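Encoded as structure tokens, the structure appears first; notes follow it.
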Amino acid sequence: MNKMRMCSPYCIAIFAVLVSSCTKKSENHHSIHPDSLLASNHEILTANLAKVIDKNASNDSLSKAMMFAFCDSSGKNLITTNTELSGGPYFAISHNGELIPLQFVGIQKESSRSNGRQTQSNFANTGGTLFRMNDSELIPDQTYAIVSDRFLAGHHPLRLQENAPNSLDRATLSILASQRRRKIIKSWNIASLGTIGKIFIVLFARNDTNQLASLVVANGNRFVFEDFVGDASQNESVWRVDDEGEFDYKSIKIIAAFQSSSGFELARAWSGSEGENSSFLQDSFSKYVATINSYRYWSPE
């Protein structure tokens, strides 16, 4: 990176956001659902970064064109808590990148019988926007991305292929360790984007009480990171509540992947003991920034 870029107003703004987020860590820690211990150093930080990098774009408009929903027990209906739409048509994205046309049913009011959980057993009682599939079925109780034709004009869905979670090759591990300046403890090659990209999860060695794991997308020699920072001083709840200090790669699920002018984008879910955080991740200077976030509470029922 040249001196001109390092001194740009953009980078100064990013630095200011980072400093501000760190100094406000304690007061922001309880502002997100308690199942996510990462609130202060991951979600809040990326949300603040998103405000900086997207100051010329409308995240409000984006959230009306792309959202997260979950499926009922029949696999035929989806509901999203987002009730502000940008107009149709809308599509669900299957895991192989297929576009599934959706029929808008209407706004479903939350029932007095609702237990507050976003699960298939409470589907009929959940408030939100209801969609139906006429010719397809999805996996019951799973989270899916819903997108509009407006979103698809600038984002091309990619086919996801799940891989056996084998460790990465030595050359790749060496590059990743060098970029993060940490030894790698474990790695998992979880998915491929056809022949154009690969998706990894990497667990790094602990630095004092700082734990670090990363979701990494590789395109040739270019790597884009979403970092998950944990606090090892919390013992039983390092990254998430009651995670026993273990970062489970199985808790990370790629819901959908897209290619846009900015690179590869991901719709990613991260499950914990009480629920699931879903985020739409966009590439900004080789770092994934969550520009849309959703929380699905499911336990205990």
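Identifiers in the structure tokens: chain A, B, ... in order shown; residue index from 1 per chain; ligand index from 1 in order shown.
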
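Taking only segment 131-195 of chain A, the residues that DSSP calls strand (DSSP E) from the backbone come to Phe131, Arg132, Thr143, Tyr144, Ala145, Ile146, Val147, Ser148, His156, Pro157, Leu158, Gln161, Glu162, Asn163, Ala164, Pro165, Asn166, Ile184, Ile185, Lys186, Ser187, Trp188, Asn189, Ile190, Ala191 and Ser192 of chain A.
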
Take the residues that were just selected and, keeping N, CA and C atoms, output them as a PDB file, in the first residue's frame.
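Written out: again05.pdb:
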```
ATOM      1  N   PHE A 131     -43.787 -15.574   2.677  1.00  0.00           N
ATOM      2  CA  PHE A 131     -43.639 -15.949   1.270  1.00  0.00           C
ATOM      3  C   PHE A 131     -43.951 -17.433   1.118  1.00  0.00           C
ATOM      4  N   ARG A 132     -44.380 -17.795  -0.104  1.00  0.00           N
ATOM      5  CA  ARG A 132     -44.688 -19.201  -0.391  1.00  0.00           C
ATOM      6  C   ARG A 132     -44.016 -19.626  -1.691  1.00  0.00           C
ATOM      7  N   THR A 143     -32.359 -21.571   7.646  1.00  0.00           N
ATOM      8  CA  THR A 143     -32.305 -20.159   7.294  1.00  0.00           C
ATOM      9  C   THR A 143     -31.903 -20.007   5.836  1.00  0.00           C
ATOM     10  N   TYR A 144     -32.593 -19.108   5.130  1.00  0.00           N
ATOM     11  CA  TYR A 144     -32.320 -18.871   3.708  1.00  0.00           C
ATOM     12  C   TYR A 144     -32.212 -17.373   3.440  1.00  0.00           C
ATOM     13  N   ALA A 145     -31.542 -17.059   2.350  1.00  0.00           N
ATOM     14  CA  ALA A 145     -31.464 -15.679   1.879  1.00  0.00           C
ATOM     15  C   ALA A 145     -32.582 -15.445   0.881  1.00  0.00           C
ATOM     16  N   ILE A 146     -33.273 -14.315   1.045  1.00  0.00           N
ATOM     17  CA  ILE A 146     -34.298 -13.880   0.091  1.00  0.00           C
ATOM     18  C   ILE A 146     -33.790 -12.609  -0.580  1.00  0.00           C
ATOM     19  N   VAL A 147     -33.862 -12.571  -1.902  1.00  0.00           N
ATOM     20  CA  VAL A 147     -33.360 -11.413  -2.649  1.00  0.00           C
ATOM     21  C   VAL A 147     -34.383 -10.978  -3.686  1.00  0.00           C
ATOM     22  N   SER A 148     -34.312  -9.711  -4.056  1.00  0.00           N
ATOM     23  CA  SER A 148     -35.210  -9.181  -5.082  1.00  0.00           C
ATOM     24  C   SER A 148     -34.479  -9.111  -6.420  1.00  0.00           C
ATOM     25  N   HIS A 156     -24.503 -11.687  -8.582  1.00  0.00           N
ATOM     26  CA  HIS A 156     -24.752 -12.951  -9.279  1.00  0.00           C
ATOM     27  C   HIS A 156     -24.593 -14.132  -8.319  1.00  0.00           C
ATOM     28  N   PRO A 157     -25.646 -14.948  -8.112  1.00  0.00           N
ATOM     29  CA  PRO A 157     -25.537 -16.102  -7.203  1.00  0.00           C
ATOM     30  C   PRO A 157     -24.534 -17.123  -7.734  1.00  0.00           C
ATOM     31  N   LEU A 158     -23.764 -17.701  -6.814  1.00  0.00           N
ATOM     32  CA  LEU A 158     -22.765 -18.705  -7.163  1.00  0.00           C
ATOM     33  C   LEU A 158     -23.153 -20.058  -6.597  1.00  0.00           C
ATOM     34  N   GLN A 161     -20.440 -25.660  -3.173  1.00  0.00           N
ATOM     35  CA  GLN A 161     -20.219 -27.097  -3.048  1.00  0.00           C
ATOM     36  C   GLN A 161     -19.523 -27.371  -1.727  1.00  0.00           C
ATOM     37  N   GLU A 162     -20.187 -28.107  -0.839  1.00  0.00           N
ATOM     38  CA  GLU A 162     -19.583 -28.421   0.451  1.00  0.00           C
ATOM     39  C   GLU A 162     -18.452 -29.424   0.269  1.00  0.00           C
ATOM     40  N   ASN A 163     -17.365 -29.211   0.999  1.00  0.00           N
ATOM     41  CA  ASN A 163     -16.212 -30.088   0.940  1.00  0.00           C
ATOM     42  C   ASN A 163     -16.088 -30.896   2.223  1.00  0.00           C
ATOM     43  N   ALA A 164     -15.380 -32.026   2.138  1.00  0.00           N
ATOM     44  CA  ALA A 164     -14.996 -32.719   3.356  1.00  0.00           C
ATOM     45  C   ALA A 164     -14.067 -31.776   4.111  1.00  0.00           C
ATOM     46  N   PRO A 165     -14.282 -31.590   5.413  1.00  0.00           N
ATOM     47  CA  PRO A 165     -13.544 -30.553   6.159  1.00  0.00           C
ATOM     48  C   PRO A 165     -12.088 -30.920   6.437  1.00  0.00           C
ATOM     49  N   ASN A 166     -11.328 -31.161   5.371  1.00  0.00           N
ATOM     50  CA  ASN A 166      -9.922 -31.518   5.528  1.00  0.00           C
ATOM     51  C   ASN A 166      -9.079 -30.286   5.823  1.00  0.00           C
ATOM     52  N   ILE A 184      -1.100 -21.312  13.175  1.00  0.00           N
ATOM     53  CA  ILE A 184      -2.425 -21.902  12.956  1.00  0.00           C
ATOM     54  C   ILE A 184      -2.533 -23.227  13.711  1.00  0.00           C
ATOM     55  N   ILE A 185      -3.589 -23.362  14.507  1.00  0.00           N
ATOM     56  CA  ILE A 185      -3.823 -24.564  15.301  1.00  0.00           C
ATOM     57  C   ILE A 185      -4.616 -25.603  14.498  1.00  0.00           C
ATOM     58  N   LYS A 186      -5.709 -25.147  13.871  1.00  0.00           N
ATOM     59  CA  LYS A 186      -6.565 -26.038  13.090  1.00  0.00           C
ATOM     60  C   LYS A 186      -7.066 -25.302  11.856  1.00  0.00           C
ATOM     61  N   SER A 187      -7.417 -26.073  10.835  1.00  0.00           N
ATOM     62  CA  SER A 187      -8.000 -25.471   9.628  1.00  0.00           C
ATOM     63  C   SER A 187      -8.970 -26.457   8.994  1.00  0.00           C
ATOM     64  N   TRP A 188      -9.980 -25.902   8.319  1.00  0.00           N
ATOM     65  CA  TRP A 188     -10.983 -26.727   7.661  1.00  0.00           C
ATOM     66  C   TRP A 188     -11.311 -26.118   6.297  1.00  0.00           C
ATOM     67  N   ASN A 189     -11.233 -26.925   5.270  1.00  0.00           N
ATOM     68  CA  ASN A 189     -11.615 -26.510   3.918  1.00  0.00           C
ATOM     69  C   ASN A 189     -13.083 -26.887   3.744  1.00  0.00           C
ATOM     70  N   ILE A 190     -14.001 -25.913   3.920  1.00  0.00           N
ATOM     71  CA  ILE A 190     -15.412 -26.280   4.071  1.00  0.00           C
ATOM     72  C   ILE A 190     -16.234 -26.225   2.784  1.00  0.00           C
ATOM     73  N   ALA A 191     -15.820 -25.418   1.801  1.00  0.00           N
ATOM     74  CA  ALA A 191     -16.660 -25.280   0.605  1.00  0.00           C
ATOM     75  C   ALA A 191     -15.861 -24.724  -0.567  1.00  0.00           C
ATOM     76  N   SER A 192     -16.432 -24.919  -1.761  1.00  0.00           N
ATOM     77  CA  SER A 192     -15.856 -24.375  -2.983  1.00  0.00           C
ATOM     78  C   SER A 192     -16.904 -23.562  -3.716  1.00  0.00           C
TER      79      SER A 192
END
```

Can you pull out every residue within 7 Å of segment 242-257 of chain A, counting only C-alpha atoms, but drop anything in the same chain fewer than 5 positions away, and send it as a PyMOL selection string?
chain A and resi 93+95+97+144-145+157-158+201+235-237+265-271+273

Create the file for the chosen residues now, containing C-alpha atoms and written as a PDB file, in the first residue's frame.
```
ATOM      1  CA  ILE A  93     -31.452 -18.765  -2.946  1.00  0.00           C
ATOM      2  CA  HIS A  95     -27.545 -23.834  -1.570  1.00  0.00           C
ATOM      3  CA  GLY A  97     -27.212 -21.017  -6.222  1.00  0.00           C
ATOM      4  CA  TYR A 144     -32.320 -18.871   3.708  1.00  0.00           C
ATOM      5  CA  ALA A 145     -31.464 -15.679   1.879  1.00  0.00           C
ATOM      6  CA  PRO A 157     -25.537 -16.102  -7.203  1.00  0.00           C
ATOM      7  CA  LEU A 158     -22.765 -18.705  -7.163  1.00  0.00           C
ATOM      8  CA  ILE A 201     -12.141 -21.723   8.471  1.00  0.00           C
ATOM      9  CA  ASN A 235     -13.212 -19.699  30.057  1.00  0.00           C
ATOM     10  CA  GLU A 236     -16.589 -21.312  29.252  1.00  0.00           C
ATOM     11  CA  SER A 237     -17.803 -18.555  26.923  1.00  0.00           C
ATOM     12  CA  GLU A 265     -19.986 -11.811  -1.115  1.00  0.00           C
ATOM     13  CA  LEU A 266     -21.408 -14.245   1.414  1.00  0.00           C
ATOM     14  CA  ALA A 267     -24.630 -14.788   3.305  1.00  0.00           C
ATOM     15  CA  ARG A 268     -23.327 -16.495   6.433  1.00  0.00           C
ATOM     16  CA  ALA A 269     -24.981 -17.983   9.517  1.00  0.00           C
ATOM     17  CA  TRP A 270     -23.211 -18.550  12.846  1.00  0.00           C
ATOM     18  CA  SER A 271     -25.103 -20.664  15.355  1.00  0.00           C
ATOM     19  CA  SER A 273     -26.450 -22.404  22.029  1.00  0.00           C
TER      20      SER A 273
END
```

Can you tell me, as a PyMOL selection string, what residues are no more than 10 Å from Ser260 of chain A when counting only C-alpha atoms, ignoring any on the same chain fewer than 6 positions away?
chain A and resi 152-157+282-283

Atom CA of Phe151 of chain A to atom CA of Ser261 of chain A, straight-line distance in Å
12.8 Å

Excluding Tyr288 of chain A and its own-chain neighbours fewer than 4 positions away, which residues fall within 8 Å of it when counting only C-alpha atoms? Please give them as a list in words.
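Returned residues: Val224, Phe225, Glu226, Leu281, Gln282, Asp283 and Ser284 of chain A.
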
Write out the residues from the selection above, keeping C-alpha atoms, as an mmCIF file, in the first residue's frame.
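File written: again.cif
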```
data_model
loop_
_atom_site.group_PDB
_atom_site.id
_atom_site.type_symbol
_atom_site.label_atom_id
_atom_site.label_comp_id
_atom_site.auth_asym_id
_atom_site.auth_seq_id
_atom_site.Cartn_x
_atom_site.Cartn_y
_atom_site.Cartn_z
ATOM 1 C CA VAL A 224 -10.583 -12.098 2.243
ATOM 2 C CA PHE A 225 -11.093 -12.518 6.012
ATOM 3 C CA GLU A 226 -13.977 -12.355 8.438
ATOM 4 C CA LEU A 281 -20.741 -9.967 4.114
ATOM 5 C CA GLN A 282 -19.198 -7.614 1.564
ATOM 6 C CA ASP A 283 -15.528 -7.354 0.664
ATOM 7 C CA SER A 284 -13.795 -4.136 1.713
#
```

Applying 7 Å and only C-alpha atoms, which residues near Ile107 of chain A remain after dropping the ones on its own chain fewer than 2 positions away? List them as a CSV table (one decimal) with C-alpha atoms, in the first residue's frame.
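What landed in selection.csv:
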```csv
chain,number,residue,atom,x,y,z
A,109,LYS,CA,-49.0,-10.6,12.8
A,128,GLY,CA,-43.2,-10.9,9.7
A,129,THR,CA,-43.4,-11.1,5.9
A,130,LEU,CA,-44.7,-14.4,4.6
```

Select from segment 201-278 of chain A everything DSSP, run on the backbone, classes as helix (DSSP H, G or I), then give the selection as JSON, numbers by chain.
{"A": [232, 233, 234, 249, 250, 251]}

Dump N, CA and C atoms for the selected residues as a PDB file, in the first residue's frame?
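Result written to selection-v6.pdb:
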```pdb
ATOM      1  N   ALA A 232     -10.446 -15.191  25.837  1.00  0.00           N
ATOM      2  CA  ALA A 232     -10.110 -16.433  26.522  1.00  0.00           C
ATOM      3  C   ALA A 232     -10.217 -16.324  28.037  1.00  0.00           C
ATOM      4  N   SER A 233     -10.298 -15.113  28.573  1.00  0.00           N
ATOM      5  CA  SER A 233     -10.437 -14.954  30.025  1.00  0.00           C
ATOM      6  C   SER A 233     -11.818 -15.374  30.513  1.00  0.00           C
ATOM      7  N   GLN A 234     -12.741 -15.577  29.562  1.00  0.00           N
ATOM      8  CA  GLN A 234     -14.107 -15.953  29.924  1.00  0.00           C
ATOM      9  C   GLN A 234     -14.292 -17.459  30.093  1.00  0.00           C
ATOM     10  N   TYR A 249     -16.245 -25.356  13.863  1.00  0.00           N
ATOM     11  CA  TYR A 249     -16.395 -24.963  12.458  1.00  0.00           C
ATOM     12  C   TYR A 249     -17.779 -25.325  11.923  1.00  0.00           C
ATOM     13  N   LYS A 250     -18.429 -26.316  12.538  1.00  0.00           N
ATOM     14  CA  LYS A 250     -19.758 -26.725  12.083  1.00  0.00           C
ATOM     15  C   LYS A 250     -20.818 -25.667  12.386  1.00  0.00           C
ATOM     16  N   SER A 251     -20.503 -24.739  13.286  1.00  0.00           N
ATOM     17  CA  SER A 251     -21.465 -23.686  13.620  1.00  0.00           C
ATOM     18  C   SER A 251     -21.524 -22.603  12.547  1.00  0.00           C
TER      19      SER A 251
END
```

Distance atom CA of Thr80 of chain A-atom CA of Phe264 of chain A, one decimal place?
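Distance between the two atoms: 24.3 Å.
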